[in-house]
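Next up, work-v7.pdb (PDB, C-alpha atoms and all ligand atoms):
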ATOM      1  CA  MET A   2     -17.374  -5.514 -19.705  1.00  0.00           C
ATOM      2  CA  SER A   3     -16.820  -3.193 -16.807  1.00  0.00           C
ATOM      3  CA  ASN A   4     -15.142  -4.472 -13.670  1.00  0.00           C
ATOM      4  CA  VAL A   5     -15.310  -1.818 -10.975  1.00  0.00           C
ATOM      5  CA  GLU A   6     -13.582  -3.060  -7.851  1.00  0.00           C
ATOM      6  CA  GLN A   7     -11.982  -1.843  -4.646  1.00  0.00           C
ATOM      7  CA  THR A   8      -8.451  -2.309  -3.396  1.00  0.00           C
ATOM      8  CA  LEU A   9      -6.503  -1.312  -0.310  1.00  0.00           C
ATOM      9  CA  SER A  10      -3.642   1.128  -0.637  1.00  0.00           C
ATOM     10  CA  ILE A  11      -1.273   2.213   2.115  1.00  0.00           C
ATOM     11  CA  ILE A  12       1.072   5.178   2.064  1.00  0.00           C
ATOM     12  CA  LYS A  13       3.908   3.776   4.158  1.00  0.00           C
ATOM     13  CA  PRO A  14       5.880   5.586   6.899  1.00  0.00           C
ATOM     14  CA  ASP A  15       8.775   6.647   4.639  1.00  0.00           C
ATOM     15  CA  ALA A  16       6.384   8.558   2.369  1.00  0.00           C
ATOM     16  CA  VAL A  17       4.238  10.050   5.150  1.00  0.00           C
ATOM     17  CA  GLU A  18       7.427  11.267   6.818  1.00  0.00           C
ATOM     18  CA  ARG A  19       8.475  13.042   3.602  1.00  0.00           C
ATOM     19  CA  ASN A  20       5.066  14.760   3.224  1.00  0.00           C
ATOM     20  CA  LEU A  21       4.191  12.844   0.064  1.00  0.00           C
ATOM     21  CA  ILE A  22       0.558  12.085   0.994  1.00  0.00           C
ATOM     22  CA  ASP A  23      -1.038  14.669  -1.321  1.00  0.00           C
ATOM     23  CA  GLU A  24       1.279  13.887  -4.246  1.00  0.00           C
ATOM     24  CA  ILE A  25       0.583  10.152  -4.025  1.00  0.00           C
ATOM     25  CA  LYS A  26      -3.183  10.682  -3.621  1.00  0.00           C
ATOM     26  CA  ALA A  27      -3.110  12.914  -6.716  1.00  0.00           C
ATOM     27  CA  ILE A  28      -1.570  10.079  -8.756  1.00  0.00           C
ATOM     28  CA  PHE A  29      -4.534   7.855  -7.839  1.00  0.00           C
ATOM     29  CA  THR A  30      -7.210  10.431  -8.538  1.00  0.00           C
ATOM     30  CA  LYS A  31      -5.605  11.608 -11.820  1.00  0.00           C
ATOM     31  CA  ASN A  32      -5.730   7.974 -12.922  1.00  0.00           C
ATOM     32  CA  ASN A  33      -9.443   7.618 -12.130  1.00  0.00           C
ATOM     33  CA  LEU A  34      -9.049   5.698  -8.890  1.00  0.00           C
ATOM     34  CA  LYS A  35     -11.458   7.246  -6.384  1.00  0.00           C
ATOM     35  CA  ILE A  36     -10.408   7.464  -2.744  1.00  0.00           C
ATOM     36  CA  LYS A  37     -13.587   6.171  -1.103  1.00  0.00           C
ATOM     37  CA  GLN A  38     -12.265   6.254   2.455  1.00  0.00           C
ATOM     38  CA  ASP A  39      -8.957   7.138   4.014  1.00  0.00           C
ATOM     39  CA  LYS A  40      -7.441   7.313   7.436  1.00  0.00           C
ATOM     40  CA  LYS A  41      -4.107   8.160   8.971  1.00  0.00           C
ATOM     41  CA  ILE A  42      -3.103   5.746  11.715  1.00  0.00           C
ATOM     42  CA  HIS A  43      -0.066   4.477  13.572  1.00  0.00           C
ATOM     43  CA  LEU A  44      -0.173   0.666  13.894  1.00  0.00           C
ATOM     44  CA  THR A  45       1.356  -1.183  16.808  1.00  0.00           C
ATOM     45  CA  LYS A  46       3.925  -3.806  15.904  1.00  0.00           C
ATOM     46  CA  ASP A  47       1.385  -6.536  16.720  1.00  0.00           C
ATOM     47  CA  GLU A  48      -1.128  -4.985  14.321  1.00  0.00           C
ATOM     48  CA  ALA A  49       1.522  -4.729  11.596  1.00  0.00           C
ATOM     49  CA  ALA A  50       2.396  -8.392  12.193  1.00  0.00           C
ATOM     50  CA  GLU A  51      -1.276  -9.310  11.792  1.00  0.00           C
ATOM     51  CA  PHE A  52      -1.582  -7.289   8.588  1.00  0.00           C
ATOM     52  CA  TYR A  53       1.531  -8.864   7.035  1.00  0.00           C
ATOM     53  CA  LYS A  54       0.860 -12.388   8.375  1.00  0.00           C
ATOM     54  CA  VAL A  55       1.161 -13.896   4.860  1.00  0.00           C
ATOM     55  CA  HIS A  56       4.857 -13.030   5.046  1.00  0.00           C
ATOM     56  CA  GLN A  57       5.513 -14.570   8.460  1.00  0.00           C
ATOM     57  CA  SER A  58       7.909 -17.200   7.139  1.00  0.00           C
ATOM     58  CA  LYS A  59      10.015 -14.686   5.200  1.00  0.00           C
ATOM     59  CA  PRO A  60      13.424 -13.563   6.443  1.00  0.00           C
ATOM     60  CA  PHE A  61      12.349  -9.902   6.195  1.00  0.00           C
ATOM     61  CA  TYR A  62       9.124 -10.317   8.233  1.00  0.00           C
ATOM     62  CA  ASP A  63      10.296  -8.924  11.568  1.00  0.00           C
ATOM     63  CA  ASP A  64      11.978  -5.878   9.986  1.00  0.00           C
ATOM     64  CA  LEU A  65       8.906  -5.332   7.812  1.00  0.00           C
ATOM     65  CA  CYS A  66       6.586  -5.261  10.845  1.00  0.00           C
ATOM     66  CA  THR A  67       8.950  -2.975  12.759  1.00  0.00           C
ATOM     67  CA  TYR A  68       9.041  -0.671   9.755  1.00  0.00           C
ATOM     68  CA  LEU A  69       5.282  -0.551   9.090  1.00  0.00           C
ATOM     69  CA  SER A  70       4.726   0.325  12.760  1.00  0.00           C
ATOM     70  CA  SER A  71       7.552   2.887  12.885  1.00  0.00           C
ATOM     71  CA  GLY A  72       5.342   5.893  12.143  1.00  0.00           C
ATOM     72  CA  PRO A  73       1.963   7.031  10.837  1.00  0.00           C
ATOM     73  CA  ILE A  74       0.585   5.561   7.626  1.00  0.00           C
ATOM     74  CA  VAL A  75      -2.403   6.418   5.451  1.00  0.00           C
ATOM     75  CA  ALA A  76      -4.747   3.541   4.571  1.00  0.00           C
ATOM     76  CA  MET A  77      -7.142   4.117   1.670  1.00  0.00           C
ATOM     77  CA  ILE A  78      -9.903   2.294  -0.155  1.00  0.00           C
ATOM     78  CA  LEU A  79      -9.383   2.919  -3.873  1.00  0.00           C
ATOM     79  CA  GLU A  80     -12.215   2.211  -6.282  1.00  0.00           C
ATOM     80  CA  GLY A  81     -12.181   2.013 -10.050  1.00  0.00           C
ATOM     81  CA  GLU A  82     -12.009  -0.149 -13.133  1.00  0.00           C
ATOM     82  CA  ASN A  83      -9.750  -3.181 -12.428  1.00  0.00           C
ATOM     83  CA  ALA A  84      -8.541  -1.304  -9.341  1.00  0.00           C
ATOM     84  CA  VAL A  85      -6.472  -4.162  -7.868  1.00  0.00           C
ATOM     85  CA  LEU A  86      -4.252  -4.725 -10.887  1.00  0.00           C
ATOM     86  CA  PHE A  87      -4.297  -1.105 -12.000  1.00  0.00           C
ATOM     87  CA  ASN A  88      -3.080   0.096  -8.593  1.00  0.00           C
ATOM     88  CA  ARG A  89      -0.243  -2.471  -8.758  1.00  0.00           C
ATOM     89  CA  GLU A  90       0.731  -0.985 -12.134  1.00  0.00           C
ATOM     90  CA  LEU A  91       0.717   2.552 -10.766  1.00  0.00           C
ATOM     91  CA  MET A  92       2.846   1.376  -7.795  1.00  0.00           C
ATOM     92  CA  GLY A  93       5.537  -0.379  -9.832  1.00  0.00           C
ATOM     93  CA  ALA A  94       7.815  -3.234  -8.812  1.00  0.00           C
ATOM     94  CA  THR A  95       8.515  -3.983  -5.125  1.00  0.00           C
ATOM     95  CA  ASP A  96      12.134  -2.894  -5.585  1.00  0.00           C
ATOM     96  CA  PRO A  97      12.124   0.784  -6.662  1.00  0.00           C
ATOM     97  CA  LYS A  98      15.314   0.167  -8.644  1.00  0.00           C
ATOM     98  CA  LYS A  99      13.367  -2.248 -10.841  1.00  0.00           C
ATOM     99  CA  ALA A 100      10.184  -0.167 -11.071  1.00  0.00           C
ATOM    100  CA  GLU A 101       9.129   1.404 -14.359  1.00  0.00           C
ATOM    101  CA  ASP A 102       9.426   5.134 -14.958  1.00  0.00           C
ATOM    102  CA  LYS A 103       6.582   7.279 -13.559  1.00  0.00           C
ATOM    103  CA  THR A 104       5.449   4.577 -11.117  1.00  0.00           C
ATOM    104  CA  ILE A 105       5.021   5.626  -7.484  1.00  0.00           C
ATOM    105  CA  ARG A 106       7.865   3.430  -6.285  1.00  0.00           C
ATOM    106  CA  LYS A 107      10.199   4.687  -9.020  1.00  0.00           C
ATOM    107  CA  LEU A 108       9.316   8.279  -8.181  1.00  0.00           C
ATOM    108  CA  TYR A 109       9.398   8.044  -4.396  1.00  0.00           C
ATOM    109  CA  GLY A 110      10.677   4.662  -3.154  1.00  0.00           C
ATOM    110  CA  ILE A 111      13.943   4.672  -1.215  1.00  0.00           C
ATOM    111  CA  SER A 112      14.719   0.949  -1.143  1.00  0.00           C
ATOM    112  CA  ILE A 113      13.052  -2.466  -1.394  1.00  0.00           C
ATOM    113  CA  ASP A 114      11.843  -2.157   2.203  1.00  0.00           C
ATOM    114  CA  LYS A 115      11.082   1.592   2.252  1.00  0.00           C
ATOM    115  CA  ASN A 116       9.097   1.507  -0.980  1.00  0.00           C
ATOM    116  CA  SER A 117       6.454   4.144  -0.102  1.00  0.00           C
ATOM    117  CA  VAL A 118       3.243   2.233  -0.852  1.00  0.00           C
ATOM    118  CA  HIS A 119       1.384  -1.039  -0.343  1.00  0.00           C
ATOM    119  CA  GLY A 120      -1.340  -2.369  -2.616  1.00  0.00           C
ATOM    120  CA  SER A 121      -3.486  -5.502  -2.394  1.00  0.00           C
ATOM    121  CA  ASP A 122      -2.348  -8.223  -4.790  1.00  0.00           C
ATOM    122  CA  SER A 123      -5.729  -9.878  -5.526  1.00  0.00           C
ATOM    123  CA  ALA A 124      -9.432  -9.128  -5.244  1.00  0.00           C
ATOM    124  CA  GLU A 125      -9.696 -11.672  -2.421  1.00  0.00           C
ATOM    125  CA  ASN A 126      -6.873 -10.093  -0.414  1.00  0.00           C
ATOM    126  CA  ALA A 127      -8.263  -6.630  -1.133  1.00  0.00           C
ATOM    127  CA  ILE A 128     -11.464  -7.542   0.741  1.00  0.00           C
ATOM    128  CA  LYS A 129      -9.483  -8.908   3.706  1.00  0.00           C
ATOM    129  CA  GLU A 130      -7.182  -5.883   3.804  1.00  0.00           C
ATOM    130  CA  ILE A 131     -10.039  -3.375   3.489  1.00  0.00           C
ATOM    131  CA  ASN A 132     -11.771  -5.114   6.402  1.00  0.00           C
ATOM    132  CA  PHE A 133      -8.583  -4.951   8.444  1.00  0.00           C
ATOM    133  CA  PHE A 134      -8.564  -1.149   8.335  1.00  0.00           C
ATOM    134  CA  PHE A 135     -12.181  -0.176   7.714  1.00  0.00           C
ATOM    135  CA  LYS A 136     -14.368  -2.740   9.469  1.00  0.00           C
ATOM    136  CA  ASN A 137     -17.369  -0.982  10.981  1.00  0.00           C
TER     137      ASN A 137
HETATM  138  N1  LIG B   1      10.059  -6.508   1.450  1.00  0.00           N
HETATM  139  C1  LIG B   1      11.332  -6.387   1.976  1.00  0.00           C
HETATM  140  N2  LIG B   1      12.329  -7.170   1.460  1.00  0.00           N
HETATM  141  C2  LIG B   1      12.128  -8.028   0.429  1.00  0.00           C
HETATM  142  C3  LIG B   1      10.827  -8.153  -0.096  1.00  0.00           C
HETATM  143  C4  LIG B   1       9.815  -7.374   0.438  1.00  0.00           C
HETATM  144  O1  LIG B   1      11.549  -5.612   2.892  1.00  0.00           O
HETATM  145  O2  LIG B   1      13.089  -8.702  -0.005  1.00  0.00           O
HETATM  146  C5  LIG B   1       8.971  -5.690   2.017  1.00  0.00           C
HETATM  147  C6  LIG B   1       8.572  -4.536   1.101  1.00  0.00           C
HETATM  148  O3  LIG B   1       8.246  -3.413   1.920  1.00  0.00           O
HETATM  149  C7  LIG B   1       7.337  -5.070   0.415  1.00  0.00           C
HETATM  150  C8  LIG B   1       6.696  -5.900   1.530  1.00  0.00           C
HETATM  151  O4  LIG B   1       7.816  -6.495   2.191  1.00  0.00           O
HETATM  152  O5  LIG B   1       6.525  -4.015  -0.060  1.00  0.00           O
HETATM  153  C9  LIG B   1       5.755  -6.989   1.085  1.00  0.00           C
HETATM  154  O6  LIG B   1       6.413  -7.811   0.135  1.00  0.00           O
HETATM  155  P1  LIG B   1       5.677  -8.267  -1.186  1.00  0.00           P
HETATM  156  O7  LIG B   1       6.522  -9.315  -1.816  1.00  0.00           O
HETATM  157  O8  LIG B   1       4.265  -8.604  -0.883  1.00  0.00           O
HETATM  158  O9  LIG B   1       5.781  -6.951  -2.119  1.00  0.00           O
HETATM  159  P2  LIG B   1       4.655  -5.930  -2.593  1.00  0.00           P
HETATM  160  O10 LIG B   1       3.376  -6.709  -2.746  1.00  0.00           O
HETATM  161  O11 LIG B   1       4.563  -4.861  -1.556  1.00  0.00           O
HETATM  162  O12 LIG B   1       5.174  -5.404  -3.902  1.00  0.00           O
HETATM  163 MG    MG B   2       2.391  -7.964  -1.457  1.00  0.00          MG
END

Could you render the structure from this file as structure tokens?
Ligand code: UDP
Ligand code: MG
Amino acid sequence: MSNVEQTLSIIKPDAVERNLIDEIKAIFTKNNLKIKQDKKIHLTKDEAAEFYKVHQSKPFYDDLCTYLSSGPIVAMILEGENAVLFNRELMGATDPKKAEDKTIRKLYGISIDKNSVHGSDSAENAIKEINFFFKN
């Protein structure tokens, strides 16, 4: 049975800074994930803290929010078959050193914090995260 869904992807500051937007978008589209909407924005630290609220108790939270708000990012709605899980597969493991070959984080990630992309981890969070960036 088909399961077309949407997920939120972010190209993080380290990748935007290195002009990797088109290369990363091409990986999604070549793999049949449609970019339904996209926008380049620069979050404030408070907005980054709101976005990553699920991580507020983690030791890396403050650095993570500083980082996500350190420069422009590109937020995208990706749509396709099993998009949430499939995007996570294309991204690879959180730590680029542990990511599989040909994944985005293996190809472009610098470190566990500067790992080039974000992707929603469940259909429920995808809806929340899409609304965060694309509420109209
Ligand atoms: N992160 C970090 N240090 C860690 C774990 C995570 O800086 O030890 C950052 C990293 O940028 C990661 C984000 O926090 O992408 C969110 O962590 P999560 O565990 O949700 O990883 P993801 O879902 O992005 O793979
Ligand atoms: Mg996560």

Next item on the list: Give the residues close to ligand LIG 1 (chain B), within 9 Å, counting all atoms listed in the file; write them as a ChimeraX atom specification.
Entry: /A:13,53,55-56,59-62,64-66,68-69,89,92-96,112-122

Save the residues we just selected, C-alpha atoms, as a tab-separated table (two decimals), in the frame of the given file?
chain	number	residue	atom	x	y	z
A	13	LYS	CA	3.91	3.78	4.16
A	53	TYR	CA	1.53	-8.86	7.04
A	55	VAL	CA	1.16	-13.90	4.86
A	56	HIS	CA	4.86	-13.03	5.05
A	59	LYS	CA	10.02	-14.69	5.20
A	60	PRO	CA	13.42	-13.56	6.44
A	61	PHE	CA	12.35	-9.90	6.20
A	62	TYR	CA	9.12	-10.32	8.23
A	64	ASP	CA	11.98	-5.88	9.99
A	65	LEU	CA	8.91	-5.33	7.81
A	66	CYS	CA	6.59	-5.26	10.84
A	68	TYR	CA	9.04	-0.67	9.76
A	69	LEU	CA	5.28	-0.55	9.09
A	89	ARG	CA	-0.24	-2.47	-8.76
A	92	MET	CA	2.85	1.38	-7.80
A	93	GLY	CA	5.54	-0.38	-9.83
A	94	ALA	CA	7.82	-3.23	-8.81
A	95	THR	CA	8.52	-3.98	-5.12
A	96	ASP	CA	12.13	-2.89	-5.58
A	112	SER	CA	14.72	0.95	-1.14
A	113	ILE	CA	13.05	-2.47	-1.39
A	114	ASP	CA	11.84	-2.16	2.20
A	115	LYS	CA	11.08	1.59	2.25
A	116	ASN	CA	9.10	1.51	-0.98
A	117	SER	CA	6.45	4.14	-0.10
A	118	VAL	CA	3.24	2.23	-0.85
A	119	HIS	CA	1.38	-1.04	-0.34
A	120	GLY	CA	-1.34	-2.37	-2.62
A	121	SER	CA	-3.49	-5.50	-2.39
A	122	ASP	CA	-2.35	-8.22	-4.79

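With atom CA of Ser10 of chain A on one side and atom CA of Thr45 of chain A on the other, the separation reads 18.3 Å.
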
Margin query: Nearest residue to ligand MG 2 (chain B) out of A:Ile11, A:Glu18, A:Ile42, A:Glu48, using all atoms listed in the file?
Written below: A:Ile11

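Those residues returned by the PyMOL selection byres (((chain A and resi 38) around 6) and not hetatm) for this file are Ile36, Lys37, Asp39, Met77 and Ile78 of chain A.
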
For those residues, write C-alpha atoms to a file as a CSV table (one decimal), in the frame of the given file.
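Once everything was written out, this is part04.csv:
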chain,number,residue,atom,x,y,z
A,36,ILE,CA,-10.4,7.5,-2.7
A,37,LYS,CA,-13.6,6.2,-1.1
A,39,ASP,CA,-9.0,7.1,4.0
A,77,MET,CA,-7.1,4.1,1.7
A,78,ILE,CA,-9.9,2.3,-0.2

Note to self: Between atom CA of Ala100 of chain A and atom CA of Leu86 of chain A, what is the distance in Å, rounded to a tenth?
What the structure shows: 15.1 Å

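Candidate residues A:Leu34, A:Leu108, A:Leu9, A:Ala27 were compared for distance to Glu125 of chain A, and the nearest is A:Leu9, using only C-alpha atoms.
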